[in-house]
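Colleague: So that we are looking at the same thing, I have put the structure below in C-alpha cells.
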Amino acid sequence: MDYLEGFKNLVERAPAFRGKAVELVIIANPAAGGFTIPKRAHENKKAFLDVLEWARPNPVLVKSCAARLHLTARSGHAREIAEAVADEMLSPGFTADITLLVTAGGDGTSHEAQTALANRMLRGGHPELADRLCVLRLPFGTGNDGSDGRHLAETLELLTSEVEIVKNPVVQVRRSGNQDIKYAFNNASVGIDAFIANLTNIMKSKIPGDAYKIMIDVACLFYNRLYRIGDIDVRTSRGGQPSWAERSRWLLIVMGATGHRTYGSNQKILPTDENVCCVREMSVFEKLSLKELFKSGRHAGHEKAILLKADRVVIGYDSRLLLQLDGEIIHLEGGDFPLVMELSEPCLPILRLRG
C-alpha cells in the first residue's frame, strides 16, 4: 500500500492546514512493529484505508502539498533526517507555509526526530521554527506512549477533524558538570521504571509482544539487589519559587512534559494534571500490589506516592542510578548529581482536538 500518497490525500483535506502551502515529511521506521508484526500491520492498514475512504470525497482545503517519505536505516537516522528538514526550513528559498513532520515508528523514532527539532528551537537560536512546524506522531511501535493517540484511527482523527495547533513544553535534563542537554517529550524519570525500560530494551528481540509487562515483575523482585536505594534529595520549584522538598528512599521520580501521561504501554504514571510523581521504597509485596494501581492511575492518593505540579526538579544522590528519557536509557554515577529536570517554554507544535 502506498502510505505516502494516501497520507498526502488526507493532509490535503485536513481542516488544520486550510489555505496553507504544506510540506509533508514522513519519517518511517520500516522495522517498527506496526509494519512488521502481521496482526498489527493488518490492523493499521485497515484503519488507514477506512479513514482514507471516508475522507476521499471531501474537498481539497490546502493551497498545495508537497510530500516525501524517508525510511530510517539505523539508530540515529531519524535525528539526522529531522535536522536536515529543520535546515531546509531555515534556508532562504523555502516557501512552504508549514511543515508537517510525521513520525511512523516507535517512541525511539519520534524521540530522535523531536530531539533534532528541540535542539534547533531551544539551543540553536531558531524559536521561529515553532511557528512554521507541526509534528504528528503515529503509533507504529510497541508502547506508543509518546504518540498522538494509542491507535492509528485515533491519531488520524486529528487530520479529519477541527483541531488547533498547540505548543507543548519539553523536559530538559542536565547532569552535573555536563553541558549536554537531553530531552524527554513524554516523560523523564530515574529509578525502577528506568530499570524496567532498560531490561525491556535488552529483551525486545528475545521476547515477542510487550516485554515491558513481563519486566515489571522481574524488576519488583531484583531492582534493589542490583541498585542501592539510599536517601535521595528531591526539590521542586514552580514559577521560580521552591514548592516542595523531601529526602527519602525514593523508588521512582518522574517528570512529565504535562500531566495525564503514560509509559510502558499505557501504564498511567501521571493520571492527573500533576506532572511530577515520586514513589517511596516499599517491600516486594507492596511493589507487586502497587503495580496494578499504576495501570489505571489509582496510585494517586496512595501513601507511598506523591503527585504534584512543578516546572523544575532537582535530584541529589551519591551513587549510580538509571535515567530514562522516553525509553532511552542513560547510566548515571554519583558525579552526575545533582540532576536537573526542567520544563522548557512551550515550543513543540502538535495537533489537538478543539474542545
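Just remember, in the C-alpha cells the first chain shown is A, the second B, etc., residues are 1-based per chain, and ligands are 1-based in the order shown.
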Quick one: which region 44-123 of chain A residues come within 9 Å of region 323-330 of chain A, and what is the nearest atom pair for each with the distance in Å to one decimal, counting only C-alpha atoms, rows ordered by chain and ascending number, as a Markdown table?

Modeller:
```
| residue | atom | partner | partner_atom | distance |
| --- | --- | --- | --- | --- |
| A:Asp107 | CA | A:Asp326 | CA | 6.7 |
| A:Gly108 | CA | A:Gly327 | CA | 7.1 |
| A:His111 | CA | A:Asp326 | CA | 6.9 |
```

Colleague: Write the residues you've just listed into a file as a short mmCIF file (atom, residue, chain, number, x, y, z; two decimals), in the first residue's frame, and include C-alpha atoms for each of them.

Modeller:
```cif
data_model
loop_
_atom_site.label_atom_id
_atom_site.label_comp_id
_atom_site.auth_asym_id
_atom_site.auth_seq_id
_atom_site.Cartn_x
_atom_site.Cartn_y
_atom_site.Cartn_z
CA ASP A 107 8.83 6.06 20.72
CA GLY A 108 12.53 5.91 19.81
CA HIS A 111 12.24 10.89 20.25
#
```

Colleague: Run DSSP on the backbone and grab whatever in region 74-163 of chain A lands in helix (DSSP H, G or I); send it over as number ranges by chain.

Modeller: A: 77-90, 107-123, 127-131, 152-160

Colleague: Those selected residues, please, written with C-alpha atoms and delivered as a CSV table (one decimal), in the first residue's frame.

Modeller:
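again_17.csv was written with the following content:
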```csv
chain,number,residue,atom,x,y,z
A,77,HIS,CA,18.9,8.2,11.4
A,78,ALA,CA,15.6,9.8,12.3
A,79,ARG,CA,17.5,12.6,14.1
A,80,GLU,CA,19.7,13.2,11.0
A,81,ILE,CA,16.7,13.4,8.8
A,82,ALA,CA,14.9,15.8,11.1
A,83,GLU,CA,18.0,18.0,11.3
A,84,ALA,CA,18.1,18.2,7.5
A,85,VAL,CA,14.4,19.2,7.5
A,86,ALA,CA,15.0,21.9,10.0
A,87,ASP,CA,17.9,23.3,8.0
A,88,GLU,CA,15.8,23.2,4.9
A,89,MET,CA,13.0,25.2,6.6
A,90,LEU,CA,15.6,27.8,7.6
A,107,ASP,CA,8.8,6.1,20.7
A,108,GLY,CA,12.5,5.9,19.8
A,109,THR,CA,11.9,7.2,16.3
A,110,SER,CA,9.8,10.1,17.4
A,111,HIS,CA,12.2,10.9,20.2
A,112,GLU,CA,15.1,11.2,17.8
A,113,ALA,CA,13.2,13.4,15.4
A,114,GLN,CA,11.9,15.7,18.1
A,115,THR,CA,15.3,16.0,19.7
A,116,ALA,CA,16.7,17.4,16.5
A,117,LEU,CA,13.8,20.0,16.4
A,118,ALA,CA,14.1,20.9,20.1
A,119,ASN,CA,17.9,21.5,19.6
A,120,ARG,CA,17.2,23.9,16.8
A,121,MET,CA,14.5,25.8,18.6
A,122,LEU,CA,15.9,25.8,22.2
A,123,ARG,CA,19.6,25.7,21.7
A,127,PRO,CA,12.5,29.5,18.1
A,128,GLU,CA,10.7,30.8,15.0
A,129,LEU,CA,10.6,27.2,13.6
A,130,ALA,CA,7.8,26.5,16.1
A,131,ASP,CA,5.5,28.9,14.1
A,152,LEU,CA,-3.8,4.7,14.3
A,153,ALA,CA,-7.5,5.5,13.8
A,154,GLU,CA,-7.5,7.8,16.9
A,155,THR,CA,-4.4,9.6,15.6
A,156,LEU,CA,-5.7,10.1,12.1
A,157,GLU,CA,-8.8,11.7,13.5
A,158,LEU,CA,-6.5,14.8,14.0
A,159,LEU,CA,-6.4,15.1,10.2
A,160,THR,CA,-10.1,14.7,9.7
```

Colleague: Please identify all polymer residues within 7 Å of Asp231 (chain A), counting only C-alpha atoms, omitting same-chain residues fewer than 5 positions from it, and present them as a VMD selection string.

Modeller: chain A and resid 247 to 249

Colleague: Restricting the calculation to only C-alpha atoms: of A:Thr258, A:Arg352, A:Leu251, A:Ala188, which residue gets closest to Arg174 (chain A)?

Modeller: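 Ranking A:Thr258, A:Arg352, A:Leu251, A:Ala188 by distance to Arg174 (chain A), first place goes to A:Ala188.
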
Colleague: Please report the interatomic distance between CA of Glu286 (chain A) and CA of Glu303 (chain A) in Å with one decimal.

Modeller: 11.5 Å

Colleague: So, with only C-alpha atoms as the atoms that count, which of A:Val170, A:Val51, A:Ala305, A:Val279 lies closest to Glu342 (chain A)?

Modeller: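 Among the listed residues, A:Val170 lies closest to Glu342 (chain A).
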
Colleague: Kindly indicate which residue among A:Tyr183, A:Pro349, A:Arg298, A:Leu293 lies nearest to Val171 (chain A), using only C-alpha atoms for the distances.

Modeller: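 Distance minimum relative to Val171 (chain A) lands on A:Tyr183.
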
Colleague: List the spatial neighbours of region 95-103 of chain A as JSON, numbers by chain - criterion: any atom at most 7 Å away, only C-alpha atoms, same-chain residues fewer than 6 positions off excluded.

Modeller: {"A": [20, 21, 22, 23, 24, 25, 26, 27, 28, 109, 110, 132, 133, 134, 135, 136, 137, 138]}

Colleague: At what distance in Å, to one decimal, does CA of Cys278 (chain A) lie from CA of Arg261 (chain A)?

Modeller: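 A separation of 14.3 Å between them.
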
Colleague: Looking at A:Ala194, A:Ser296, A:Thr200, A:His302, which one is nearest to Leu321 (chain A), with distances taken over only C-alpha atoms?

Modeller: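 Looking only at the distances to Leu321 (chain A), the closest residue turns out to be A:Ala194.
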
Colleague: For the strand (DSSP E or B) assignment from backbone DSSP, which residues of region 74-273 of chain A qualify? Please present them as a count of residues only.

Modeller: 63
